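Enquirer: Sharing final_27.cif here; it has mmCIF, C-alpha atoms.
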```
data_work
#
loop_
_atom_site.label_atom_id
_atom_site.label_comp_id
_atom_site.auth_asym_id
_atom_site.auth_seq_id
_atom_site.Cartn_x
_atom_site.Cartn_y
_atom_site.Cartn_z
CA MET M 1 113.84 119.75 85.12
CA SER M 2 116.76 120.01 82.70
CA TYR M 3 119.12 122.86 82.03
CA ALA M 4 121.18 123.18 78.87
CA LEU M 5 123.89 125.71 78.16
CA THR M 6 123.56 127.54 74.83
CA ARG M 7 127.26 127.70 74.17
CA THR M 8 130.42 126.09 75.52
CA ARG M 9 131.57 127.49 78.84
CA ARG M 10 133.85 126.26 81.59
CA ILE M 11 131.37 125.32 84.28
CA THR M 12 131.24 122.83 87.11
CA VAL M 13 128.57 120.24 87.73
CA ALA M 14 127.68 122.00 90.96
CA VAL M 15 127.03 125.25 89.09
CA ALA M 16 124.87 123.48 86.52
CA VAL M 17 122.74 121.99 89.28
CA THR M 18 122.40 125.38 90.97
CA ALA M 19 121.33 127.01 87.72
CA ALA M 20 118.77 124.28 87.14
CA LEU M 21 117.18 125.04 90.48
CA CYS M 22 116.88 128.70 89.48
CA VAL M 23 114.72 128.17 86.39
CA GLY M 24 111.57 129.31 88.23
CA ALA M 25 110.59 132.92 88.79
CA THR M 26 112.24 133.22 92.18
CA ALA M 27 115.72 134.62 92.70
CA CYS M 28 118.49 132.49 94.19
CA GLY M 29 122.27 132.58 94.41
CA GLY M 30 124.31 131.13 91.58
CA THR M 31 127.10 131.49 89.11
CA THR M 32 127.05 134.52 86.84
CA LYS M 33 128.84 135.45 83.64
CA SER M 34 131.65 137.12 85.49
CA ASP M 35 132.35 133.83 87.24
CA THR M 36 132.63 131.99 83.94
CA GLU M 37 134.53 134.68 82.05
CA LYS M 38 131.97 135.72 79.47
CA GLU M 39 133.60 136.00 76.05
CA GLY M 40 134.34 139.58 75.20
CA GLY M 41 132.63 141.02 78.29
CA SER M 42 129.93 143.66 78.15
CA ALA M 43 129.91 145.64 74.91
CA ALA M 44 129.10 148.83 76.78
CA ALA M 45 132.44 148.61 78.59
CA GLY M 46 134.51 149.09 75.42
CA LYS M 47 134.56 151.14 72.24
CA ALA M 48 132.05 150.52 69.47
CA ASP M 49 133.24 148.83 66.27
CA PRO M 50 130.54 149.20 63.58
CA GLU M 51 132.28 146.56 61.47
CA ALA M 52 132.53 143.95 64.22
CA GLU M 53 131.24 140.52 63.29
CA LEU M 54 127.76 139.81 64.62
CA LYS M 55 127.87 137.15 67.29
CA LYS M 56 125.71 134.07 67.02
CA ASP M 57 124.60 131.39 69.49
CA LEU M 58 123.63 134.03 72.02
CA THR M 59 120.72 133.68 74.42
CA ILE M 60 118.46 136.72 74.35
CA GLY M 61 115.83 136.90 77.09
CA PHE M 62 112.66 138.94 76.58
CA LEU M 63 110.84 140.14 79.70
CA PRO M 64 107.59 141.96 78.89
CA LYS M 65 105.37 143.62 81.46
CA GLN M 66 102.83 140.86 80.98
CA VAL M 67 103.22 137.63 79.00
CA ASN M 68 99.54 137.18 78.13
CA ASN M 69 99.05 140.75 76.90
CA PRO M 70 98.26 140.70 73.12
CA TYR M 71 100.46 143.74 72.54
CA PHE M 72 103.51 142.10 74.08
CA THR M 73 102.70 138.80 72.39
CA THR M 74 103.02 140.60 69.06
CA ALA M 75 106.14 142.51 70.11
CA ASP M 76 107.90 139.43 71.41
CA LYS M 77 107.02 137.40 68.31
CA GLY M 78 108.84 140.09 66.33
CA GLY M 79 111.76 139.79 68.73
CA LYS M 80 111.79 136.00 68.44
CA LYS M 81 111.82 136.12 64.65
CA ALA M 82 114.72 138.57 64.60
CA VAL M 83 116.73 136.70 67.24
CA GLU M 84 116.41 133.43 65.36
CA GLU M 85 117.25 135.03 62.02
CA LEU M 86 120.41 136.36 63.67
CA GLY M 87 121.39 132.83 64.67
CA SER M 88 120.69 133.06 68.38
CA THR M 89 118.23 131.65 70.91
CA PHE M 90 115.13 133.51 72.05
CA LYS M 91 113.64 133.05 75.51
CA GLU M 92 110.52 134.80 76.82
CA VAL M 93 109.69 134.94 80.52
CA GLY M 94 107.52 137.25 82.58
CA PRO M 95 104.62 137.77 84.96
CA SER M 96 100.99 137.15 84.01
CA SER M 97 99.93 140.33 85.81
CA GLY M 98 100.55 143.79 84.41
CA THR M 99 101.44 145.16 87.85
CA ASP M 100 103.82 142.48 89.15
CA THR M 101 106.96 144.56 89.72
CA SER M 102 108.54 142.08 92.14
CA GLY M 103 107.97 139.31 89.61
CA GLN M 104 109.95 141.22 87.00
CA VAL M 105 112.85 141.55 89.45
CA SER M 106 112.83 137.79 90.04
CA TYR M 107 112.88 137.08 86.31
CA VAL M 108 115.83 139.43 85.76
CA ASN M 109 117.74 137.67 88.53
CA THR M 110 116.90 134.26 87.11
CA LEU M 111 117.96 135.19 83.57
CA THR M 112 121.23 136.55 84.95
CA GLN M 113 121.88 133.35 86.86
CA GLN M 114 121.04 131.31 83.79
CA GLN M 115 123.73 133.28 81.96
CA ALA M 116 121.58 134.97 79.34
CA ASP M 117 123.76 137.11 77.08
CA ALA M 118 121.25 139.94 76.85
CA ILE M 119 117.88 140.86 78.32
CA ALA M 120 115.21 142.98 76.63
CA VAL M 121 112.79 144.20 79.28
CA SER M 122 109.71 146.42 79.31
CA ALA M 123 109.98 147.99 82.76
CA GLN M 124 106.88 147.99 84.91
CA ASP M 125 108.43 150.45 87.38
CA PRO M 126 111.30 152.84 86.54
CA GLY M 127 113.19 152.24 89.77
CA ALA M 128 112.23 148.82 91.08
CA LEU M 129 114.28 146.91 88.51
CA CYS M 130 117.45 148.96 88.77
CA THR M 131 119.31 146.93 91.37
CA ALA M 132 118.66 143.68 89.51
CA LEU M 133 119.51 145.20 86.12
CA LYS M 134 122.73 146.76 87.41
CA GLN M 135 123.76 143.40 88.82
CA ALA M 136 123.06 141.80 85.45
CA MET M 137 125.15 144.44 83.67
CA LYS M 138 127.95 143.95 86.19
CA ASN M 139 127.95 140.30 85.21
CA GLY M 140 128.26 141.09 81.51
CA VAL M 141 124.61 140.98 80.44
CA SER M 142 123.59 143.60 77.87
CA ILE M 143 120.35 145.29 78.91
CA VAL M 144 117.88 146.74 76.42
CA THR M 145 114.59 148.25 77.52
CA TYR M 146 111.72 148.40 75.06
CA ASP M 147 108.28 150.00 75.21
CA SER M 148 108.84 151.23 78.81
CA ASP M 149 112.17 152.44 80.13
CA THR M 150 113.98 152.23 83.44
CA LYS M 151 116.59 154.71 84.69
CA THR M 152 119.28 155.46 82.14
CA ASP M 153 122.13 154.03 84.21
CA CYS M 154 120.31 150.72 84.61
CA ARG M 155 120.44 149.69 80.93
CA ASN M 156 122.54 150.09 77.80
CA ALA M 157 119.82 151.28 75.42
CA PHE M 158 116.09 152.00 75.29
CA ILE M 159 113.96 151.21 72.23
CA SER M 160 111.29 153.88 72.09
CA GLN M 161 108.14 153.33 70.06
CA ALA M 162 108.55 156.85 68.70
CA SER M 163 109.67 159.99 70.41
CA ALA M 164 107.79 160.36 73.69
CA GLU M 165 106.96 163.92 72.75
CA ASP M 166 105.42 162.90 69.41
CA LEU M 167 103.30 160.25 71.08
CA GLY M 168 102.04 162.50 73.84
CA ARG M 169 101.24 165.50 71.69
CA THR M 170 99.68 163.65 68.76
CA GLN M 171 97.16 161.85 70.98
CA VAL M 172 95.93 165.22 72.24
CA GLN M 173 95.83 166.53 68.70
CA LEU M 174 93.75 163.59 67.52
CA LEU M 175 91.18 163.98 70.28
CA ALA M 176 91.07 167.78 70.08
CA GLU M 177 90.17 167.59 66.41
CA GLN M 178 87.36 165.15 67.15
CA ILE M 179 85.79 167.32 69.90
CA ASP M 180 86.28 170.62 68.04
CA ASN M 181 88.80 171.87 70.62
CA LYS M 182 86.31 172.18 73.47
CA GLY M 183 84.97 170.19 76.39
CA GLU M 184 86.07 168.02 79.30
CA ILE M 185 88.43 165.11 78.66
CA ALA M 186 90.01 162.36 80.74
CA ILE M 187 92.97 160.02 80.44
CA LEU M 188 92.69 156.27 81.01
CA SER M 189 96.24 155.04 81.65
CA ALA M 190 97.81 151.70 82.59
CA ALA M 191 99.77 151.31 85.84
CA GLN M 192 100.37 154.47 87.85
CA THR M 193 104.12 153.71 87.89
CA ALA M 194 104.50 152.94 84.15
CA THR M 195 107.36 155.07 82.85
CA ASN M 196 106.15 155.36 79.27
CA GLN M 197 102.56 156.22 80.22
CA ASN M 198 103.65 158.95 82.63
CA THR M 199 106.08 160.46 80.15
CA TRP M 200 103.42 160.62 77.44
CA ILE M 201 100.91 162.08 79.87
CA ASP M 202 103.37 164.82 80.81
CA TYR M 203 103.61 165.77 77.13
CA MET M 204 99.81 165.62 76.81
CA LYS M 205 99.47 168.09 79.67
CA ASP M 206 102.10 170.34 78.11
CA GLU M 207 100.32 170.21 74.75
CA LEU M 208 97.06 171.19 76.42
CA LYS M 209 98.69 174.40 77.67
CA LYS M 210 98.71 175.79 74.12
CA PRO M 211 96.20 178.62 73.51
CA LYS M 212 94.24 176.65 70.91
CA TYR M 213 93.23 174.16 73.61
CA LYS M 214 92.04 176.81 76.09
CA ASP M 215 88.50 175.40 75.95
CA ILE M 216 89.60 171.84 76.70
CA LYS M 217 89.77 170.79 80.36
CA LEU M 218 91.55 167.65 81.54
CA VAL M 219 89.42 166.59 84.51
CA THR M 220 91.22 163.46 85.70
CA THR M 221 93.57 160.57 84.97
CA ALA M 222 92.33 157.06 85.79
CA TYR M 223 94.40 153.88 85.95
CA GLY M 224 93.27 150.52 84.61
CA ASP M 225 96.56 148.71 85.31
CA ASP M 226 96.48 147.14 81.82
CA ASP M 227 93.69 144.88 83.06
CA ALA M 228 90.72 144.64 80.71
CA GLN M 229 88.03 144.36 83.38
CA LYS M 230 89.45 147.14 85.54
CA SER M 231 89.88 149.41 82.49
CA PHE M 232 86.26 148.71 81.49
CA GLN M 233 85.09 149.62 84.98
CA GLN M 234 87.27 152.73 85.07
CA THR M 235 85.68 153.90 81.82
CA GLN M 236 82.24 153.42 83.30
CA GLY M 237 83.34 155.31 86.42
CA LEU M 238 84.74 158.22 84.42
CA LEU M 239 81.43 158.73 82.63
CA GLN M 240 79.42 158.49 85.82
CA GLU M 241 81.64 160.97 87.67
CA HIS M 242 81.97 163.36 84.74
CA PRO M 243 78.66 163.47 82.86
CA LYS M 244 79.90 166.32 80.64
CA LEU M 245 82.89 164.33 79.43
CA LYS M 246 83.53 164.80 75.71
CA GLY M 247 86.54 162.58 75.16
CA ILE M 248 88.95 159.99 76.55
CA ILE M 249 92.60 159.37 75.69
CA SER M 250 93.87 155.90 76.55
CA PRO M 251 97.59 155.50 75.79
CA THR M 252 97.48 151.74 76.37
CA THR M 253 96.26 148.99 74.04
CA VAL M 254 94.41 147.18 76.82
CA GLY M 255 92.80 150.38 78.06
CA ILE M 256 91.58 151.71 74.72
CA LYS M 257 90.06 148.35 73.76
CA ALA M 258 88.23 148.08 77.09
CA ALA M 259 87.03 151.67 76.84
CA ALA M 260 85.79 151.08 73.29
CA GLN M 261 83.99 147.95 74.43
CA TYR M 262 82.15 149.90 77.11
CA LEU M 263 81.33 152.87 74.88
CA SER M 264 80.08 150.70 72.01
CA GLY M 265 77.33 149.24 74.19
CA SER M 266 76.37 152.44 75.96
CA LYS M 267 74.39 155.60 75.33
CA TYR M 268 77.72 157.41 74.97
CA LYS M 269 78.63 155.69 71.69
CA GLY M 270 79.55 158.32 69.11
CA LYS M 271 79.02 161.09 71.65
CA VAL M 272 82.09 160.60 73.83
CA LYS M 273 85.14 160.43 71.59
CA LEU M 274 87.91 157.93 72.25
CA THR M 275 91.46 157.83 70.98
CA GLY M 276 94.87 156.64 72.15
CA LEU M 277 97.17 153.75 71.37
CA GLY M 278 95.60 150.55 70.06
CA ASN M 279 96.17 147.48 67.92
CA PRO M 280 94.31 147.58 64.58
CA ASN M 281 92.99 144.04 65.08
CA ASP M 282 91.54 145.00 68.46
CA MET M 283 90.08 148.29 67.32
CA ARG M 284 88.86 147.46 63.80
CA LYS M 285 85.26 146.67 64.75
CA TYR M 286 85.01 149.78 66.92
CA VAL M 287 86.18 151.96 64.05
CA LYS M 288 83.68 150.33 61.72
CA ASP M 289 80.74 150.65 64.13
CA GLY M 290 81.43 154.34 64.78
CA THR M 291 82.66 154.07 68.36
CA VAL M 292 86.16 155.28 67.46
CA GLU M 293 87.14 157.70 64.69
CA ALA M 294 90.92 157.40 64.82
CA PHE M 295 93.71 156.09 67.03
CA GLU M 296 97.43 155.53 66.64
CA LEU M 297 100.28 153.13 67.32
CA TRP M 298 103.46 151.71 65.86
CA ASP M 299 104.02 148.12 64.73
CA PRO M 300 104.86 146.28 67.97
CA ALA M 301 106.47 143.44 66.01
CA ASP M 302 108.98 145.95 64.64
CA LEU M 303 109.55 147.25 68.17
CA GLY M 304 110.43 143.75 69.37
CA ALA M 305 112.60 143.14 66.33
CA LEU M 306 114.55 146.36 66.90
CA ALA M 307 115.07 145.38 70.54
CA ALA M 308 116.52 142.07 69.36
CA HIS M 309 118.83 143.69 66.80
CA THR M 310 119.99 146.19 69.41
CA ALA M 311 120.74 143.44 71.92
CA VAL M 312 122.83 141.52 69.39
CA ALA M 313 124.59 144.71 68.25
CA LEU M 314 125.50 145.46 71.87
CA GLU M 315 126.75 141.93 72.47
CA SER M 316 128.78 142.05 69.26
CA GLY M 317 130.38 145.39 70.13
CA ARG M 318 128.90 147.24 67.15
CA ILE M 319 127.39 149.74 69.57
CA THR M 320 127.79 150.53 73.25
CA GLY M 321 124.69 152.68 73.70
CA LYS M 322 126.45 156.02 73.30
CA GLN M 323 124.84 158.92 71.48
CA GLY M 324 125.65 159.11 67.77
CA GLU M 325 126.46 155.43 67.23
CA LYS M 326 124.83 153.90 64.15
CA PHE M 327 123.89 150.32 63.36
CA LYS M 328 121.81 148.37 60.89
CA ALA M 329 118.79 146.39 62.03
CA GLY M 330 118.06 144.12 59.09
CA ASP M 331 115.03 145.10 57.01
CA LEU M 332 114.16 147.82 59.52
CA GLY M 333 117.06 149.90 58.22
CA GLU M 334 119.76 151.95 59.93
CA PHE M 335 119.29 153.53 63.34
CA THR M 336 121.18 156.11 65.35
CA VAL M 337 121.53 156.01 69.12
CA GLY M 338 120.16 159.22 70.55
CA LYS M 339 120.65 161.07 73.82
CA ASP M 340 120.71 158.84 76.91
CA GLY M 341 120.87 155.73 74.76
CA VAL M 342 117.39 156.17 73.30
CA ILE M 343 116.69 154.62 69.90
CA ASN M 344 113.42 155.68 68.25
CA LEU M 345 111.54 153.19 66.09
CA GLY M 346 109.85 155.93 64.06
CA LYS M 347 106.74 158.10 63.76
CA PRO M 348 103.41 156.75 65.06
CA THR M 349 100.82 155.67 62.50
CA VAL M 350 97.24 156.96 62.64
CA PHE M 351 94.56 154.35 61.95
CA ASP M 352 91.03 155.17 60.81
CA ALA M 353 88.31 153.75 58.58
CA ASP M 354 90.40 154.40 55.48
CA ASN M 355 93.40 152.27 56.45
CA VAL M 356 92.59 150.04 59.43
CA ASP M 357 92.04 147.02 57.14
CA ASP M 358 95.54 147.40 55.73
CA TYR M 359 97.16 146.18 58.96
CA ASN M 360 97.16 142.83 60.72
CA PHE M 361 98.47 142.98 64.29
#
```
Mind converting the file's structure to structure tokens?

Expert:
Amino acid sequence: MSYALTRTRRITVAVAVTAALCVGATACGGTTKSDTEKEGGSAAAGKADPEAELKKDLTIGFLPKQVNNPYFTTADKGGKKAVEELGSTFKEVGPSSGTDTSGQVSYVNTLTQQQADAIAVSAQDPGALCTALKQAMKNGVSIVTYDSDTKTDCRNAFISQASAEDLGRTQVQLLAEQIDNKGEIAILSAAQTATNQNTWIDYMKDELKKPKYKDIKLVTTAYGDDDAQKSFQQTQGLLQEHPKLKGIISPTTVGIKAAAQYLSGSKYKGKVKLTGLGNPNDMRKYVKDGTVEAFELWDPADLGALAAHTAVALESGRITGKQGEKFKAGDLGEFTVGKDGVINLGKPTVFDADNVDDYNF
């Protein structure tokens, strides 16, 4: 197994050998950026300079929740394209399971030991990664979370798909319209610990408190762990346990596809409404066959690209992650860092029979 440094650093042969042994997904001791005097240090430690020259020849690691998840494949392809256009090296690592929290910790440790300049991570658990991420930051690695956040002091910035409030409330609004504001509904989520899912669900519950939804009852929240088979089975279980169910919200691309697959071949097709967050390519046939009326999402490729631009901006000192800082992200335009280092990609897009063919992701 070989190990190549992405830029010139003072490093001993012994350190190079140690780093080579750490390429796998298990954590081990080794040299970190602080040991080799990373050039410029962590951007978050200084003051932002919007006119600073963008650094090149960086190594940007992407750590999704699950490497074989179509959603993250699309997001990370967007990140890869942006990283390479910015003159740096892209590296994707991650677990094959959507619930492997310990695996994510190991990958963070390994990327730190391999002296990645920045890590973009979609956190499987809000707290489990913190120790590893704080250690990475201590060693000069810029940390960007995307899609799913960790605790605010464990990263420099979070790339949000849209505002969490918009995403939570609009999914309720979509379903409520389809069921005429009455009936029992359920939520089919991903992992029970997923930060983004839980935040959206909190806003869904708050939206449902409004008087106009007084005839809608949320009966339960099920968890499919972003596993297609489990999500399929959970959908079946929901309908068996709640025969009066009128609608399902699934704020996960794996979950909504699995639920649509089940509904499309069942007696519930067209009777039990389904909405949530899905990829147009996954959901197109279910929209066209009448299983799903409308769903929403953002472009995950843009999400990955914004994570990449943010990582490079942090490493270059253009931003530090403080509220009010502005930076340009190529063709995506200019963005402003919000409260707690949150950067919103934009408003979610609603997909239905009129526009689903206009998108390819």

Enquirer: Quick one: everything within 6 Å of Glu325 (chain M), counting all atoms listed in the file, minus sequence neighbours fewer than 2 positions away in the same chain. Send it as a ChimeraX atom specification.

Expert: /M:323,336-337

Enquirer: Identify, on the basis of all atoms listed in the file, every residue whose closest approach to Thr59 (chain M) does not exceed 6 Å; exclude the query and any residue fewer than 3 positions from it along the same chain; express the result as a list in words.

Expert: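 With the cut-off at 6 Å, the set is Thr89, Ala116 and Asp117 of chain M.
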
Enquirer: Please provide as JSON, numbers by chain all residues within 9 Å of region 168-177 of chain M, with the sequence filter that same-chain residues fewer than 2 positions apart are discarded (counting all atoms listed in the file).

Expert: {"M": [163, 164, 165, 166, 179, 180, 181, 182, 185, 197, 199, 200, 201, 202, 203, 204, 205, 206, 207, 208, 213, 216, 247, 248, 249, 250, 251, 273, 274, 275, 276, 277, 294, 295, 296, 348, 350]}

Enquirer: Selected by the PyMOL selection byres ((chain M and resi 231-244) around 6) in the shown coordinates: which residues, as a PyMOL selection string?

Expert: chain M and resi 224+227-230+245+255+258-259

Enquirer: Please, what distance in Å, to one decimal, runs between CA of Tyr286 (chain M) and CA of Gly183 (chain M)?

Expert: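 About the pair CA of Tyr286 (chain M) and CA of Gly183 (chain M): they are 22.5 Å apart.
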
Enquirer: Please determine, counting all atoms listed in the file, which residue among M:Lys246, M:Lys347, M:Lys269, M:Lys210 has the shortest atom-to-atom distance to Leu167 (chain M).

Expert: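 Using all atoms listed in the file, the shortest distance to Leu167 (chain M) belongs to M:Lys347.
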
Enquirer: Report, in Å to a single decimal, how far apart CA of Val67 (chain M) and CA of Asn281 (chain M) are.

Expert: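 Straight-line distance from CA of Asn281 (chain M) to CA of Val67 (chain M) works out to 18.4 Å.
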
Enquirer: Determine the residue membership of the PyMOL selection byres ((chain M and resi 86-88) around 6) for the file above and supply it as a PyMOL selection string.

Expert: chain M and resi 56-58+83-85+89

Enquirer: Could you tell me which of M:Asn360, M:Thr310, M:Asn344, M:Thr253 comes closest to Ser160 (chain M) if we count all atoms listed in the file?

Expert: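 Checking each of M:Asn360, M:Thr310, M:Asn344, M:Thr253 against Ser160 (chain M), counting all atoms listed in the file, the winner is M:Asn344.
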
Enquirer: To test your reading of the syntax: which residues would the PyMOL selection byres ((chain M and resi 128-133) around 9) return for the file shown? Reply as a list of chain:residue names.

Expert: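 Evaluating the PyMOL selection byres ((chain M and resi 128-133) around 9) on these coordinates yields M:Thr101, M:Ser102, M:Gln104, M:Val105, M:Ser106, M:Val108, M:Asn109, M:Thr112, M:Ala123, M:Gln124, M:Asp125, M:Pro126, M:Gly127, M:Lys134, M:Gln135, M:Ala136, M:Met137, M:Lys138, M:Val141, M:Ile143, M:Thr150, M:Lys151, M:Asp153, M:Cys154, M:Arg155.
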
Enquirer: Report the distance between CA of Lys322 (chain M) and CA of Gly341 (chain M) in Å, rounded to one decimal place.

Expert: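 Spanning CA of Lys322 (chain M) to CA of Gly341 (chain M) is a straight-line distance of 5.8 Å.
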
Enquirer: Anything within 7 Å of (128.5, 143.5, 68.9): list those residues as a list in words, counting all atoms listed in the file and sticking to the file's coordinates.

Expert: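 Protein, DNA and RNA residues close to (128.5, 143.5, 68.9): Ala43, Ala52, Glu53, Leu54, Lys55, Val312, Ala313, Leu314, Glu315, Ser316, Gly317, Arg318 and Ile319 of chain M.
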
Enquirer: Of the residues M:Lys214, M:Gly330, M:Leu303, M:Asp49, which is the one nearest to Asp76 (chain M), using all atoms listed in the file?

Expert: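 Checking each of M:Lys214, M:Gly330, M:Leu303, M:Asp49 against Asp76 (chain M), counting all atoms listed in the file, the winner is M:Leu303.
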
Enquirer: Measuring between all atoms listed in the file, which one of M:Gln161, M:Asn69, M:Thr110, M:Asn156 shows the shortest distance to Gly304 (chain M)?

Expert: M:Gln161

Enquirer: Pick from M:Ala186, M:Val254, M:Ile159, M:Val272: nearest to Tyr71 (chain M), with all atoms listed in the file counted?

Expert: M:Val254

Enquirer: Quick one: of M:Asp215, M:Asp226, M:Glu293, M:Asp100, who's nearest to Asn355 (chain M), counting only C-alpha atoms?

Expert: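 Smallest distance to Asn355 (chain M) is found for M:Glu293.
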
Enquirer: Counting all atoms listed in the file, find the residues whose atoms lie at most 7 Å from (113.1, 148.0, 77.3) (file coordinates) and write them out as a JSON list (two decimals) with C-alpha atoms, in the coordinates of the input.

Expert:
```
[["chain", "number", "residue", "atom", "x", "y", "z"],
["M", 120, "ALA", "CA", 115.21, 142.98, 76.63],
["M", 121, "VAL", "CA", 112.79, 144.20, 79.28],
["M", 122, "SER", "CA", 109.71, 146.42, 79.31],
["M", 123, "ALA", "CA", 109.98, 147.99, 82.76],
["M", 144, "VAL", "CA", 117.88, 146.74, 76.42],
["M", 145, "THR", "CA", 114.59, 148.25, 77.52],
["M", 146, "TYR", "CA", 111.72, 148.40, 75.06],
["M", 147, "ASP", "CA", 108.28, 150.00, 75.21],
["M", 148, "SER", "CA", 108.84, 151.23, 78.81],
["M", 149, "ASP", "CA", 112.17, 152.44, 80.13],
["M", 158, "PHE", "CA", 116.09, 152.00, 75.29],
["M", 159, "ILE", "CA", 113.96, 151.21, 72.23]]
```

Enquirer: Report the centre and edge lengths, in Å to one decimal, of an axis-aligned box enclosing every atom of region 82-87 of chain M listed in the file, padded by 8 Å on each side, as AutoDock Vina command-line options.

Expert:
```
--center_x 118.1 --center_y 135.7 --center_z 64.6 --size_x 22.7 --size_y 21.7 --size_z 21.2
```
